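Encoded as structure tokens, the structure appears first; notes follow it.
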Amino acid sequence: DGGGAAQAGPKSPGGGGFLDLPPSASPIVDIGVNLCHKSFQKSLPDIVKRALDKGVTRLVITGTSERASEAAVKMANDPSLCVDASTNHRILYATAGVHPHDAKQWGPDTSASIKGLLQDPACVAVGECGLDFNRNFSPPDVQERVFEEQVRLAVELDKPLFCHEREAHTKFLEVLMRVEGVQPSRVCVHCFTGSRPELEEYVRRGFMIGFTGCISDDKRGKALRELVALVPLGQTLIETDAPFMMPTGRKGRNEPSNLPAVLRTLSECHGVGEEEAADATTRNAVEFFGLEGPCSRQVSGGWELLG
């Protein structure tokens with residue numbers, strides 16, 4: 001079963017655990033990590049090194065508010081963290097946007113601020129934005145207005161959308177479809193945990209789908225694992241959403257070095273080798289976000305890295 005063999009290794013400094021898994025045989029990309037979270041701040045160099053050691057060659061830091069997006073872009077440009085010295089390739093990227101929980105904080109200057117951040121080469125997508133009618137930390141009508149503003153901004157700047165949707169499937173599609181110029185292949189529904197009909201519609205429309213360690217959790221991920229193979233590998237992205245979504249379901253801090261657990265479960269669900277799943281999801285991430293650096297290619301006798 002997906003992810004059942006993952007064992008927790010030594011306790012991490014933040015109270016999580018490192019999964020006892022071999023590194024990915026091919027480069028993989030964590031398309032959604034909350035690296036500005038307070039639980040990471042005392043050990044960032046170690047966290048990035050552990051990710052690289054596990055084959056996670058690039059991390060996209062999620063922006064969730066105006067302030068958090070500023071911090072994400074700043075971290076993505078931190079010279080002590082953002083480049084892999086062994087390859088001279090950029091490791092860190094960021095998104096800039098306002099999460100539906102924070103939509104009520106959207107002010108008259110927020111759009112200009114987010115737009116300014118998106119001019120930075122390290123800032124590769126608008127988001128995390130969308131709708132969350134499960135908790136409604138911001139009023140639904142405010143969420144809808146702020147989401148639409150960000151969709152329009154993405155179209156204006158020709159940037160992809162990194163999206164959040166919870167219990168808002170119909171309205172989410174309505175907002176996206178009312179904005180002229182939205183390209184479905186440039187929309188990622190990140191951390192998907194919805195229903196089969198919702199997933200089938202997203203796939204039919206051509207959206208990209210992000211899966212987290214939830215699919216590797218034996219208990220809460222069982223139903224979701226049954227849906228994973230409905231998404232063609234060409235529309236699939238993988239992410240940790242760290243420090244959340246620990247693949248084993250253990251309590252504690254998740255981190256990017258655990259992404260191979262998600263890859264393994266994905267490959268099991270599709271019945272393909274991990275290298276094939278890694279190659280597909282990495283290519284998808286490189287193309288979706290416009291990332292630089294290594295991408296794997298199958299060649300006679302193994303795999304090679306493309307610059």
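Chain lettering (A, B, ...) mirrors the order of the structure tokens, residue numbering begins at 1 for each chain separately, and ligand numbering begins at 1 in order of display.
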Which region 74-107 of chain A residues have any atom within 7 Å of an atom of region 142-148 of chain A, and for each, what is the nearest pair of atoms with distance in Å to one decimal, counting only C-alpha atoms, rows sorted by chain and number, as CSV?
residue,atom,partner,partner_atom,distance
A:Pro100,CA,A:Gln143,CA,5.4
A:Ala103,CA,A:Gln143,CA,5.4
A:Lys104,CA,A:Val142,CA,6.4
Residues within 10 Å of Asp158 (chain A), only C-alpha atoms, excluding chain neighbours under 2 positions, as a count of residues only: 13
Pairwise distance for CA of Gln41 (chain A) and CA of Ala94 (chain A), rounded to one decimal in Å: 16.4 Å
Non-local contacts of Thr57 (chain A) (12 Å; only C-alpha atoms; under 4 positions in same chain excluded) as a PyMOL selection string: chain A and resi 23-31+48-53+82-93+256-257+259-260+278+282+285-286+291-296+305
Any chance you could export the current selection's C-alpha atoms as a CSV table (one decimal), in the first residue's frame?
chain,number,residue,atom,x,y,z
A,23,PRO,CA,17.3,9.6,-2.3
A,24,SER,CA,15.3,10.0,-5.4
A,25,ALA,CA,17.2,8.5,-8.3
A,26,SER,CA,16.3,11.5,-10.5
A,27,PRO,CA,15.9,15.2,-9.6
A,28,ILE,CA,12.6,16.1,-8.0
A,29,VAL,CA,10.9,19.5,-7.3
A,30,ASP,CA,9.0,20.4,-4.2
A,31,ILE,CA,6.4,22.8,-5.7
A,48,VAL,CA,18.0,22.8,2.5
A,49,LYS,CA,21.0,20.4,2.6
A,50,ARG,CA,18.9,17.5,3.6
A,51,ALA,CA,16.5,18.2,0.7
A,52,LEU,CA,19.4,18.3,-1.7
A,53,ASP,CA,20.8,15.1,-0.3
A,82,CYS,CA,19.4,29.9,-2.8
A,83,VAL,CA,22.2,28.3,-5.0
A,84,ASP,CA,23.5,24.7,-5.0
A,85,ALA,CA,27.3,25.3,-4.8
A,86,SER,CA,27.9,21.9,-6.4
A,87,THR,CA,26.0,22.7,-9.6
A,88,ASN,CA,25.6,26.5,-9.5
A,89,HIS,CA,21.9,26.1,-10.1
A,90,ARG,CA,19.2,28.0,-8.2
A,91,ILE,CA,17.5,26.0,-5.5
A,92,LEU,CA,14.9,28.3,-4.2
A,93,TYR,CA,12.0,30.0,-5.8
A,256,PRO,CA,11.3,18.9,2.0
A,257,SER,CA,13.6,16.0,2.4
A,259,LEU,CA,9.4,14.4,-0.8
A,260,PRO,CA,10.7,11.0,-2.0
A,278,ALA,CA,10.3,11.7,-11.0
A,282,THR,CA,10.1,17.4,-12.6
A,285,ALA,CA,7.4,21.6,-12.6
A,286,VAL,CA,10.2,23.1,-14.8
A,291,LEU,CA,12.5,26.9,-13.5
A,292,GLU,CA,16.2,26.7,-14.4
A,293,GLY,CA,18.7,24.0,-13.6
A,294,PRO,CA,18.7,20.2,-14.0
A,295,CYS,CA,16.0,18.1,-15.5
A,296,SER,CA,16.3,14.4,-15.9
A,305,LEU,CA,20.8,15.6,-16.1
d(CA of Ile47 (chain A), CA of Pro121 (chain A)) in Å: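 Here the two named atoms are 23.1 Å from each other.
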Show which residues sit within 8 Å of Gly249 (chain A), as a short mmCIF file (atom, residue, chain, number, x, y, z; two decimals) with all heavy atoms, in the first residue's frame. Count only C-alpha atoms, and ignore same-chain residues fewer than 4 positions away.
data_model
loop_
_atom_site.label_atom_id
_atom_site.label_comp_id
_atom_site.auth_asym_id
_atom_site.auth_seq_id
_atom_site.Cartn_x
_atom_site.Cartn_y
_atom_site.Cartn_z
N CYS A 214 -0.11 13.49 2.05
CA CYS A 214 -1.40 12.91 2.43
C CYS A 214 -1.64 11.58 1.71
O CYS A 214 -2.22 10.66 2.27
CB CYS A 214 -2.52 13.90 2.11
SG CYS A 214 -4.15 13.39 2.70
N ASP A 217 -0.16 8.58 3.59
CA ASP A 217 -0.64 8.31 4.94
C ASP A 217 -1.60 7.12 4.88
O ASP A 217 -2.64 7.19 4.22
CB ASP A 217 -1.36 9.56 5.47
CG ASP A 217 -1.85 9.41 6.91
OD1 ASP A 217 -2.10 8.27 7.33
OD2 ASP A 217 -1.99 10.44 7.58
N ASP A 218 -1.23 6.03 5.54
CA ASP A 218 -2.03 4.79 5.44
C ASP A 218 -3.49 4.98 5.81
O ASP A 218 -4.37 4.35 5.22
CB ASP A 218 -1.42 3.71 6.35
CG ASP A 218 -0.14 3.12 5.77
OD1 ASP A 218 0.03 3.22 4.54
OD2 ASP A 218 0.67 2.58 6.54
N LYS A 219 -3.78 5.82 6.78
CA LYS A 219 -5.16 5.97 7.25
C LYS A 219 -5.91 7.05 6.48
O LYS A 219 -6.82 6.77 5.71
CB LYS A 219 -5.16 6.27 8.75
CG LYS A 219 -4.65 5.11 9.59
CD LYS A 219 -4.72 5.42 11.09
CE LYS A 219 -4.21 4.22 11.90
NZ LYS A 219 -4.25 4.51 13.36
N ARG A 220 -5.50 8.31 6.65
CA ARG A 220 -6.27 9.39 6.04
C ARG A 220 -6.07 9.48 4.53
O ARG A 220 -6.86 10.11 3.83
CB ARG A 220 -5.91 10.73 6.68
CG ARG A 220 -4.48 11.17 6.47
CD ARG A 220 -4.22 12.53 7.06
NE ARG A 220 -2.82 12.93 6.87
CZ ARG A 220 -2.36 14.15 7.04
NH1 ARG A 220 -3.18 15.10 7.42
NH2 ARG A 220 -1.08 14.42 6.85
N MET A 245 1.43 18.16 6.57
CA MET A 245 1.24 16.98 5.71
C MET A 245 2.36 15.95 5.81
O MET A 245 2.88 15.45 4.81
CB MET A 245 1.06 17.40 4.24
CG MET A 245 -0.17 18.24 3.99
SD MET A 245 -1.67 17.29 4.25
CE MET A 245 -2.93 18.54 3.92
#
Shell of 9 Å around Gln105 (chain A), only C-alpha atoms, local chain residues under 6 positions omitted, as a count of residues only: 4
